[in-house]
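Shown next: model.txt, given as compact mmCIF, C-alpha atoms.
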```
# COMPACT_ATOMS: atom_id res chain seq x y z
CA MET A 86 0.00 0.00 0.00
CA ALA A 87 1.35 3.43 -0.95
CA LYS A 88 2.22 5.75 1.92
CA ARG A 89 0.09 8.83 2.44
CA PRO A 90 1.82 12.02 1.36
CA ILE A 91 3.39 14.06 4.12
CA TYR A 92 2.15 17.33 2.64
CA PRO A 93 -0.90 18.63 0.86
CA ALA A 94 -0.42 19.51 -2.80
CA GLY A 95 2.52 21.89 -3.24
CA HIS A 96 6.30 21.97 -3.34
CA PRO A 97 7.89 22.23 0.13
CA GLN A 98 10.09 25.24 0.85
CA ARG A 99 12.93 25.19 3.34
CA ILE A 100 12.23 27.54 6.25
CA GLU A 101 14.18 28.40 9.40
CA VAL A 102 12.41 29.85 12.43
CA ILE A 103 14.76 31.71 14.77
CA THR A 104 13.94 31.57 18.47
CA THR A 105 15.35 32.74 21.76
CA GLU A 106 17.73 29.98 22.83
CA GLY A 107 15.92 27.85 25.39
CA LEU A 108 12.41 28.56 24.11
CA GLU A 109 12.48 26.19 21.14
CA SER A 110 9.84 23.89 22.68
CA VAL A 111 7.44 26.79 23.24
CA VAL A 112 7.83 27.96 19.64
CA ARG A 113 7.38 24.40 18.35
CA ASP A 114 4.17 24.16 20.35
CA GLU A 115 2.89 27.39 18.76
CA MET A 116 3.84 26.05 15.31
CA ARG A 117 1.45 23.13 15.68
CA ARG A 118 -1.17 25.42 14.15
CA PHE A 119 0.39 24.72 10.73
CA GLY A 120 -0.54 21.04 10.91
CA ARG A 121 0.53 18.98 7.91
CA GLU A 122 1.68 22.07 6.04
CA ALA A 123 4.89 21.99 8.08
CA ARG A 124 7.31 19.19 8.80
CA LEU A 125 9.57 20.28 11.61
CA GLU A 126 12.95 18.65 12.06
CA ARG A 127 13.19 16.97 15.44
CA GLU A 128 16.43 18.74 16.24
CA GLY A 129 18.26 21.82 15.04
CA PRO A 130 20.97 24.21 16.19
CA ALA A 131 20.25 26.13 19.40
CA GLY A 132 17.75 28.86 18.64
CA VAL A 133 16.82 27.48 15.21
CA ILE A 134 13.84 25.35 14.12
CA PRO A 135 14.34 24.08 10.55
CA MET A 136 11.35 22.79 8.61
CA ASP A 137 9.93 22.04 5.19
CA TYR A 138 6.79 24.07 4.57
CA VAL A 139 4.09 24.20 1.90
CA GLY A 140 1.72 26.76 3.38
CA GLU A 141 1.38 30.47 2.74
CA TRP A 142 4.55 32.29 3.77
CA LYS A 143 2.54 35.18 5.17
CA ALA A 144 1.09 32.88 7.84
CA LEU A 145 4.59 32.51 9.29
CA LEU A 146 4.60 36.20 10.17
CA ASN A 147 1.94 35.48 12.83
CA LEU A 148 4.36 33.48 15.00
CA ARG A 149 4.45 35.54 18.18
CA SER A 150 7.00 33.53 20.17
CA ALA A 151 9.57 33.49 17.33
CA GLN A 152 12.28 36.09 16.84
CA SER A 153 12.33 35.95 13.03
CA VAL A 154 11.73 33.65 10.07
CA TYR A 155 13.92 33.01 7.01
CA VAL A 156 13.28 31.28 3.71
CA VAL A 157 16.27 29.20 2.57
CA ARG A 158 17.38 28.47 -1.01
CA SER A 159 20.25 26.08 -1.76
CA PHE A 160 22.63 26.53 -4.68
CA ALA A 161 24.97 23.83 -5.95
CA VAL A 162 27.92 26.13 -6.62
CA PRO A 163 31.45 25.61 -5.27
CA ARG A 164 32.03 29.32 -4.50
CA PRO A 165 29.84 32.41 -4.00
CA LYS A 166 31.01 33.73 -7.36
CA GLY A 167 28.69 31.16 -8.95
CA LEU A 168 25.71 33.04 -7.55
CA LEU A 169 26.41 35.85 -10.00
CA GLY A 170 25.63 33.51 -12.89
CA ASP A 171 22.42 34.42 -14.71
CA GLU A 172 20.31 31.43 -13.61
CA HIS A 173 21.25 31.54 -9.93
CA PHE A 174 21.10 35.32 -9.68
CA ARG A 175 17.62 35.43 -11.20
CA ALA A 176 16.51 32.78 -8.70
CA ILE A 177 17.78 34.93 -5.81
CA VAL A 178 16.04 38.03 -7.13
CA ALA A 179 12.80 36.05 -7.62
CA LEU A 180 13.02 34.86 -4.00
CA ILE A 181 13.49 38.43 -2.79
CA ASP A 182 10.60 39.65 -4.96
CA ARG A 183 8.28 37.03 -3.49
CA VAL A 184 9.15 38.18 0.03
CA ARG A 185 8.65 41.85 -0.86
CA ARG A 186 5.23 41.15 -2.38
CA MET A 187 4.06 39.97 1.05
CA HIS A 188 4.33 43.54 2.34
CA PRO A 189 3.00 46.98 1.35
CA PRO A 190 4.99 49.00 -1.20
CA GLY A 191 7.83 50.85 0.45
CA ALA A 192 8.19 48.41 3.33
CA PHE A 193 11.79 47.73 2.25
CA SER A 194 14.20 50.56 1.48
CA ASN A 195 17.62 48.93 1.93
CA LEU A 196 19.29 45.54 2.10
CA PHE A 197 22.07 44.03 4.16
CA LEU A 198 23.98 40.83 3.43
CA SER A 199 25.38 38.92 6.39
CA ALA A 200 28.15 36.54 5.31
CA ALA A 201 31.69 35.54 6.13
CA GLY A 202 33.92 37.69 3.94
CA ALA A 203 31.12 40.14 3.19
CA ASP A 204 33.70 42.77 2.22
CA SER A 205 35.39 40.55 -0.36
CA ALA A 206 35.34 41.66 -3.99
CA VAL A 207 32.91 38.90 -5.00
CA LEU A 208 30.37 39.61 -2.24
CA MET A 209 30.67 43.36 -2.71
CA ARG A 210 29.78 42.81 -6.36
CA LEU A 211 26.89 40.52 -5.36
CA LYS A 212 25.53 43.23 -3.06
CA GLU A 213 25.87 45.87 -5.76
CA GLU A 214 24.06 43.69 -8.30
CA LEU A 215 21.29 42.93 -5.81
CA CYS A 216 20.83 46.65 -5.10
CA ARG A 217 20.65 47.33 -8.83
CA ALA A 218 18.14 44.51 -9.43
CA THR A 219 15.88 45.38 -6.48
CA GLY A 220 16.16 49.16 -6.50
CA LEU A 221 17.15 49.08 -2.81
CA SER A 222 20.10 50.88 -1.27
CA LEU A 223 22.86 49.10 0.62
CA GLY A 224 22.06 49.31 4.31
CA THR A 225 23.70 48.61 7.64
CA GLU A 226 23.19 45.62 9.90
CA ASP A 227 19.69 46.96 10.55
CA GLY A 228 18.76 46.72 6.87
CA ASP A 229 15.09 46.15 6.09
CA LEU A 230 15.85 43.30 3.71
CA LEU A 231 18.13 41.07 5.73
CA LEU A 232 19.98 38.45 3.67
CA ARG A 233 22.37 35.74 4.81
CA LEU A 234 24.82 33.59 2.89
CA ARG A 235 26.50 30.49 4.31
CA ARG A 236 27.99 27.19 3.29
CA ALA A 237 25.47 24.36 3.04
CA GLN A 238 25.42 22.21 6.16
CA ASN A 239 26.57 19.17 4.17
CA GLY A 240 29.52 21.19 2.88
CA GLU A 241 28.33 21.02 -0.73
CA GLY A 242 27.23 24.32 -2.20
CA TRP A 243 25.84 27.45 -0.55
CA GLU A 244 22.60 28.52 1.10
CA PHE A 245 20.99 31.92 0.61
CA LEU A 246 18.52 33.08 3.28
CA VAL A 247 15.99 35.93 3.13
CA ARG A 248 14.22 37.20 6.24
CA LEU A 249 10.47 37.28 5.63
CA ALA A 250 9.81 40.65 7.33
CA PRO A 251 11.45 44.09 7.36
CA ARG A 252 11.92 43.83 11.12
CA PRO A 253 12.30 40.93 13.55
CA LEU A 254 8.96 39.36 14.48
CA ALA A 255 9.79 40.13 18.11
CA THR A 256 9.41 43.84 17.29
CA ARG A 257 5.95 44.85 18.45
CA PRO A 258 3.93 47.67 16.88
CA TRP A 259 2.25 48.35 20.22
CA ARG A 260 5.56 49.30 21.87
CA VAL A 261 5.25 53.08 21.73
CA CYS A 262 6.92 53.45 25.13
CA ASN A 263 10.08 51.59 26.05
CA ARG A 264 11.89 51.22 29.36
CA GLU A 265 15.39 50.05 30.15
CA GLY A 266 15.34 46.30 30.63
CA ALA A 267 11.92 45.92 28.97
CA LEU A 268 11.15 42.32 28.08
CA ASN A 269 11.46 41.15 24.48
CA GLY A 270 7.99 40.75 22.92
CA ALA A 271 8.59 37.17 21.81
CA VAL A 272 9.89 36.13 25.24
CA ALA A 273 6.91 37.83 26.89
CA HIS A 274 4.58 35.88 24.61
CA ALA A 275 6.33 32.61 25.45
CA MET A 276 6.01 33.30 29.17
CA ALA A 277 2.32 34.08 28.74
CA ARG A 278 1.86 30.75 26.98
CA LEU A 279 3.67 28.96 29.82
CA SER A 280 1.02 30.28 32.21
CA LEU A 281 -1.48 28.01 30.38
CA PRO A 282 -3.90 30.83 29.49
CA ASP A 283 -7.62 30.20 29.81
CA PRO A 284 -10.58 32.54 29.17
CA THR A 285 -11.69 32.12 32.78
CA ASP A 286 -8.36 33.28 34.18
CA ARG A 287 -8.02 35.98 36.78
CA PHE A 288 -4.61 37.05 35.54
CA LEU A 289 -2.05 39.18 37.39
CA ASN A 290 1.16 40.73 36.08
CA ILE A 291 3.16 42.08 39.01
CA GLY A 292 5.82 44.70 38.31
CA CYS A 293 4.27 45.17 34.88
CA GLY A 294 6.80 47.79 33.73
CA SER A 295 6.13 48.58 30.08
CA GLY A 296 3.23 46.10 29.99
CA SER A 297 4.79 43.46 27.73
CA LEU A 298 3.59 40.39 29.64
CA LEU A 299 0.10 41.77 30.19
CA ILE A 300 -0.32 42.73 26.54
CA GLU A 301 1.00 39.46 25.16
CA ARG A 302 -1.28 37.47 27.46
CA LEU A 303 -4.37 39.36 26.26
CA LEU A 304 -3.32 39.01 22.62
CA ILE A 305 -3.43 35.23 23.08
CA GLY A 306 -7.05 35.43 24.18
CA PRO A 307 -9.47 36.93 26.71
CA ALA A 308 -9.27 36.63 30.47
CA ARG A 309 -12.06 37.00 33.03
CA ARG A 310 -9.94 39.66 34.70
CA ALA A 311 -6.48 40.99 33.78
CA ILE A 312 -4.49 43.23 36.12
CA GLY A 313 -1.10 44.84 35.70
CA CYS A 314 0.44 46.52 38.72
CA ASP A 315 3.63 48.43 39.44
CA ILE A 316 4.92 50.54 42.29
CA ASP A 317 6.51 53.08 39.90
CA PRO A 318 4.11 55.69 38.45
CA ALA A 319 6.40 56.24 35.44
CA ALA A 320 6.32 52.51 34.64
CA LEU A 321 2.56 52.48 34.94
CA SER A 322 2.28 55.42 32.53
CA CYS A 323 4.43 53.50 30.07
CA SER A 324 2.20 50.44 30.45
CA LYS A 325 -0.90 52.55 29.81
CA ALA A 326 0.57 53.95 26.60
CA ASN A 327 1.47 50.49 25.27
CA VAL A 328 -1.82 48.93 26.35
CA ALA A 329 -3.69 51.70 24.53
CA ALA A 330 -1.54 51.25 21.41
CA ALA A 331 -2.42 47.53 21.48
CA GLY A 332 -6.14 48.39 21.70
CA LEU A 333 -6.51 46.61 25.04
CA SER A 334 -7.40 49.43 27.44
CA GLU A 335 -10.94 48.14 27.93
CA ARG A 336 -9.80 44.58 28.65
CA CYS A 337 -7.48 45.14 31.60
CA GLN A 338 -6.82 47.33 34.61
CA LEU A 339 -3.56 48.98 35.59
CA GLU A 340 -2.95 49.69 39.25
CA LEU A 341 -0.34 51.52 41.32
CA TRP A 342 0.18 48.66 43.76
CA ASP A 343 3.02 47.35 45.85
CA ALA A 344 3.37 43.71 44.75
CA THR A 345 4.39 42.72 48.29
CA LYS A 346 1.10 44.11 49.68
CA LEU A 347 -1.57 43.36 47.11
CA PRO A 348 -5.13 44.58 47.80
CA LEU A 349 -6.54 41.25 46.64
CA HIS A 350 -8.41 38.49 48.47
CA ASN A 351 -6.78 35.18 49.34
CA THR A 352 -6.84 32.59 46.50
CA SER A 353 -8.36 35.14 44.11
CA VAL A 354 -5.86 34.78 41.22
CA ASP A 355 -5.52 31.97 38.65
CA ALA A 356 -2.27 32.92 36.91
CA ILE A 357 0.63 35.25 37.75
CA VAL A 358 3.56 36.40 35.60
CA ALA A 359 6.52 38.62 36.37
CA ASP A 360 9.81 39.82 34.95
CA LEU A 361 11.61 40.27 38.23
CA PRO A 362 14.53 42.69 38.70
CA PHE A 363 17.83 40.88 38.14
CA GLY A 364 20.08 43.46 39.78
CA HIS A 365 21.69 44.17 36.36
CA LEU A 366 19.65 46.96 34.77
CA VAL A 367 17.01 47.20 37.48
CA GLY A 368 17.33 46.74 41.22
CA SER A 369 20.21 45.12 43.10
CA HIS A 370 21.04 41.78 44.67
CA ARG A 371 20.82 43.31 48.16
CA GLU A 372 17.32 44.60 47.44
CA ASN A 373 16.31 41.24 45.98
CA LEU A 374 17.24 39.48 49.23
CA GLU A 375 14.23 41.23 50.78
CA LEU A 376 12.03 41.61 47.69
CA TYR A 377 12.01 38.01 46.44
CA PRO A 378 10.81 36.26 49.62
CA ALA A 379 8.14 38.92 50.11
CA LEU A 380 6.92 38.42 46.53
CA LEU A 381 6.82 34.64 46.84
CA ASP A 382 4.82 34.86 50.05
CA GLU A 383 2.35 37.48 48.81
CA THR A 384 1.73 35.76 45.48
CA ALA A 385 1.21 32.48 47.33
CA ARG A 386 -1.46 34.20 49.41
CA VAL A 387 -3.47 35.48 46.45
CA ALA A 388 -2.97 32.44 44.18
CA ARG A 389 -5.50 29.64 44.17
CA PRO A 390 -4.20 26.05 44.61
CA GLY A 391 -2.94 24.61 41.33
CA SER A 392 -2.40 28.02 39.71
CA HIS A 393 0.83 28.91 37.92
CA PHE A 394 3.36 31.65 38.59
CA VAL A 395 5.70 32.21 35.62
CA LEU A 396 8.61 34.46 36.46
CA LEU A 397 11.89 35.46 34.83
CA SER A 398 14.99 36.05 36.94
CA HIS A 399 18.77 35.83 36.88
CA GLU A 400 18.79 35.29 40.65
CA VAL A 401 18.88 31.53 40.24
CA ARG A 402 20.55 30.54 43.52
CA LEU A 403 18.38 32.90 45.52
CA MET A 404 15.21 31.55 43.92
CA GLU A 405 16.24 27.94 44.44
CA ARG A 406 17.01 28.59 48.10
CA LEU A 407 13.73 30.42 48.71
CA LEU A 408 11.69 27.72 47.01
CA ALA A 409 13.42 25.02 49.07
CA GLU A 410 12.48 26.89 52.25
CA ARG A 411 8.79 27.08 51.30
CA ASN A 412 6.07 24.54 50.67
CA THR A 413 3.72 27.03 48.98
CA TRP A 414 5.24 26.93 45.49
CA ASN A 415 6.39 23.81 43.63
CA LEU A 416 8.86 24.10 40.76
CA HIS A 417 6.98 22.78 37.73
CA SER A 418 9.75 23.49 35.20
CA LEU A 419 12.86 25.60 34.73
CA VAL A 420 13.92 27.08 31.37
CA ARG A 421 17.34 28.62 30.76
CA ILE A 422 17.26 31.26 28.03
CA ASN A 423 19.78 33.50 26.31
CA LEU A 424 19.01 37.22 26.42
CA GLY A 425 21.85 38.97 24.65
CA GLY A 426 24.58 37.25 26.65
CA LEU A 427 22.64 37.03 29.90
CA HIS A 428 21.26 33.61 30.81
CA PRO A 429 18.30 34.10 33.15
CA ARG A 430 15.82 31.36 33.96
CA ILE A 431 12.08 31.17 33.48
CA PHE A 432 10.67 29.56 36.63
CA VAL A 433 7.28 27.94 36.15
CA LEU A 434 5.83 27.47 39.63
CA GLU A 435 2.64 25.73 40.70
CA ARG A 436 0.75 26.67 43.86
CA SER A 437 0.58 23.80 46.33
```
Show me the file's structure as structure tokens.
Amino acid sequence: MAKRPIYPAGHPQRIEVITTEGLESVVRDEMRRFGREARLEREGPAGVIPMDYVGEWKALLNLRSAQSVYVVRSFAVPRPKGLLGDEHFRAIVALIDRVRRMHPPGAFSNLFLSAAGADSAVLMRLKEELCRATGLSLGTEDGDLLLRLRRAQNGEGWEFLVRLAPRPLATRPWRVCNREGALNGAVAHAMARLSLPDPTDRFLNIGCGSGSLLIERLLIGPARRAIGCDIDPAALSCSKANVAAAGLSERCQLELWDATKLPLHNTSVDAIVADLPFGHLVGSHRENLELYPALLDETARVARPGSHFVLLSHEVRLMERLLAERNTWNLHSLVRINLGGLHPRIFVLERS
């Protein structure tokens, strides 16, 4: 008996989804929405999910826990110079044109090619020819049209990658106010997903800062009640601006509350999230020695049994010690992530 086809009708395209290192499993879970249109490789390099894909490329732009997405085209040439040949060059330009057609006119104004030896004569010529063919100027590392060139993983030929959007997917249009140490939009979305969101949730984001976690939770779906609180009026003003830009002002409340003294009833909250101060950009280790135990105790008071508390912190030893001293929060899972050279942990706690 013939095997059933893996894909619906259509030719699969090689795609790479770039993630925050450590959050690959969360992104893979979000990618289940693509069903049989996507065949994900079981393993990939850290921060990369390779797959063959036959769906609409534009659907990939809706991945909220991913950092960016690239389409990959392989070329059986021994050296990059072969890419300047008519057939291969036209294929590259056609790939770029297909990506540009996904976006409004003017979305791309410049291009940038990331490659080893990017300043070599051959690659400088390739960049010049691409600018001429696309009508785009040569940009910096922040170029709208981000291209990458690398040797094929099997060592035979070269791979040309085109990012599918002018900006990383983690860039959020609702972020009209930014604060130092503000959480990456894709990481905030992943943390919101780890809280196991449900429409009946009474959701609390303590120390809401710029509002990233609160916004990303509500963009997943509704909650019975959604509260963001912060002790800093300036942070709360920033949250309000971002919440309004996201169109969510009517779906949540923002409060000037001390997270160690919450004006909430016992067992009145179903899910809690927090990006706690690490002592790097915000706060200090000395302050955290008092803040962290107070937060764990107060959140335990307001959380119902079985609820989740998803928090991000670089204070790993402190958290582990505090959790060992308490029987109110159980460690459900621990995720180590890479945030620009820092390696904080996402603690997923469950109320006893």
Quick one: contact table of range 345-386 of chain A to range 273-295 of chain A, 7 Å max, nearest atom pair and distance in Å to one decimal per residue, counting all atoms listed in the file, chain and number order, as a tab-separated table?
```
residue	atom	partner	partner_atom	distance
A:Val354	CA	A:Arg287	CA	5.1
A:Asp355	CA	A:Arg287	CA	5.1
A:Ala356	CA	A:Phe288	CA	4.9
A:Ile357	CA	A:Leu289	CA	4.8
A:Val358	CA	A:Asn290	CA	5.0
A:Ala359	CA	A:Ile291	CA	5.5
```
* Counting only C-alpha atoms, the residue of A:Val247, A:Leu232, A:Leu407, A:Val139 that sits nearest Arg183 in chain A ->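 Of the candidates, the smallest distance to Arg183 in chain A is held by A:Val247.
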* Could you please determine the separation between CA of Ala330 in chain A and CA of Cys262 in chain A in Å, to one decimal place? =>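 Distance between the two atoms: 9.5 Å.
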* Residues at most 12 Å from Met187 in chain A, counting only C-alpha atoms, excluding those fewer than 3 positions away in the same chain, as an NGL selection string? -> :A and (141-146 or 180-184 or 190-193 or 248-251)
Take the residues that were just selected and, keeping C-alpha atoms, output them as a PDB file, keeping the file's coordinate frame.
```
ATOM      1  CA  GLU A 141       1.380  30.470   2.740  1.00  0.00           C
ATOM      2  CA  TRP A 142       4.550  32.290   3.770  1.00  0.00           C
ATOM      3  CA  LYS A 143       2.540  35.180   5.170  1.00  0.00           C
ATOM      4  CA  ALA A 144       1.090  32.880   7.840  1.00  0.00           C
ATOM      5  CA  LEU A 145       4.590  32.510   9.290  1.00  0.00           C
ATOM      6  CA  LEU A 146       4.600  36.200  10.170  1.00  0.00           C
ATOM      7  CA  LEU A 180      13.020  34.860  -4.000  1.00  0.00           C
ATOM      8  CA  ILE A 181      13.490  38.430  -2.790  1.00  0.00           C
ATOM      9  CA  ASP A 182      10.600  39.650  -4.960  1.00  0.00           C
ATOM     10  CA  ARG A 183       8.280  37.030  -3.490  1.00  0.00           C
ATOM     11  CA  VAL A 184       9.150  38.180   0.030  1.00  0.00           C
ATOM     12  CA  PRO A 190       4.990  49.000  -1.200  1.00  0.00           C
ATOM     13  CA  GLY A 191       7.830  50.850   0.450  1.00  0.00           C
ATOM     14  CA  ALA A 192       8.190  48.410   3.330  1.00  0.00           C
ATOM     15  CA  PHE A 193      11.790  47.730   2.250  1.00  0.00           C
ATOM     16  CA  ARG A 248      14.220  37.200   6.240  1.00  0.00           C
ATOM     17  CA  LEU A 249      10.470  37.280   5.630  1.00  0.00           C
ATOM     18  CA  ALA A 250       9.810  40.650   7.330  1.00  0.00           C
ATOM     19  CA  PRO A 251      11.450  44.090   7.360  1.00  0.00           C
TER      20      PRO A 251
END
```
* Asked: Within 12 Å of (22.7, 33.7, -9.9), in the coordinates the file gives, what residues turn up when you count only C-alpha atoms, written out as a ChimeraX atom specification?
  -> /A:158-162,164-180,211,214-215,218,243,245
* To do: Find the residues near His350 in chain A: any atom within 12 Å, counting all atoms listed in the file, skip ones fewer than 4 places away on the same chain, and give them as a PyMOL selection string.
  => chain A and resi 287+346+354+383-389
File dump, residues just selected, C-alpha atoms, as a short mmCIF file (atom, residue, chain, number, x, y, z; two decimals), in the frame of the given file:
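Generated file (result-v4.cif):
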```cif
data_model
loop_
_atom_site.label_atom_id
_atom_site.label_comp_id
_atom_site.auth_asym_id
_atom_site.auth_seq_id
_atom_site.Cartn_x
_atom_site.Cartn_y
_atom_site.Cartn_z
CA ARG A 287 -8.02 35.98 36.78
CA LYS A 346 1.10 44.11 49.68
CA VAL A 354 -5.86 34.78 41.22
CA GLU A 383 2.35 37.48 48.81
CA THR A 384 1.73 35.76 45.48
CA ALA A 385 1.21 32.48 47.33
CA ARG A 386 -1.46 34.20 49.41
CA VAL A 387 -3.47 35.48 46.45
CA ALA A 388 -2.97 32.44 44.18
CA ARG A 389 -5.50 29.64 44.17
#
```
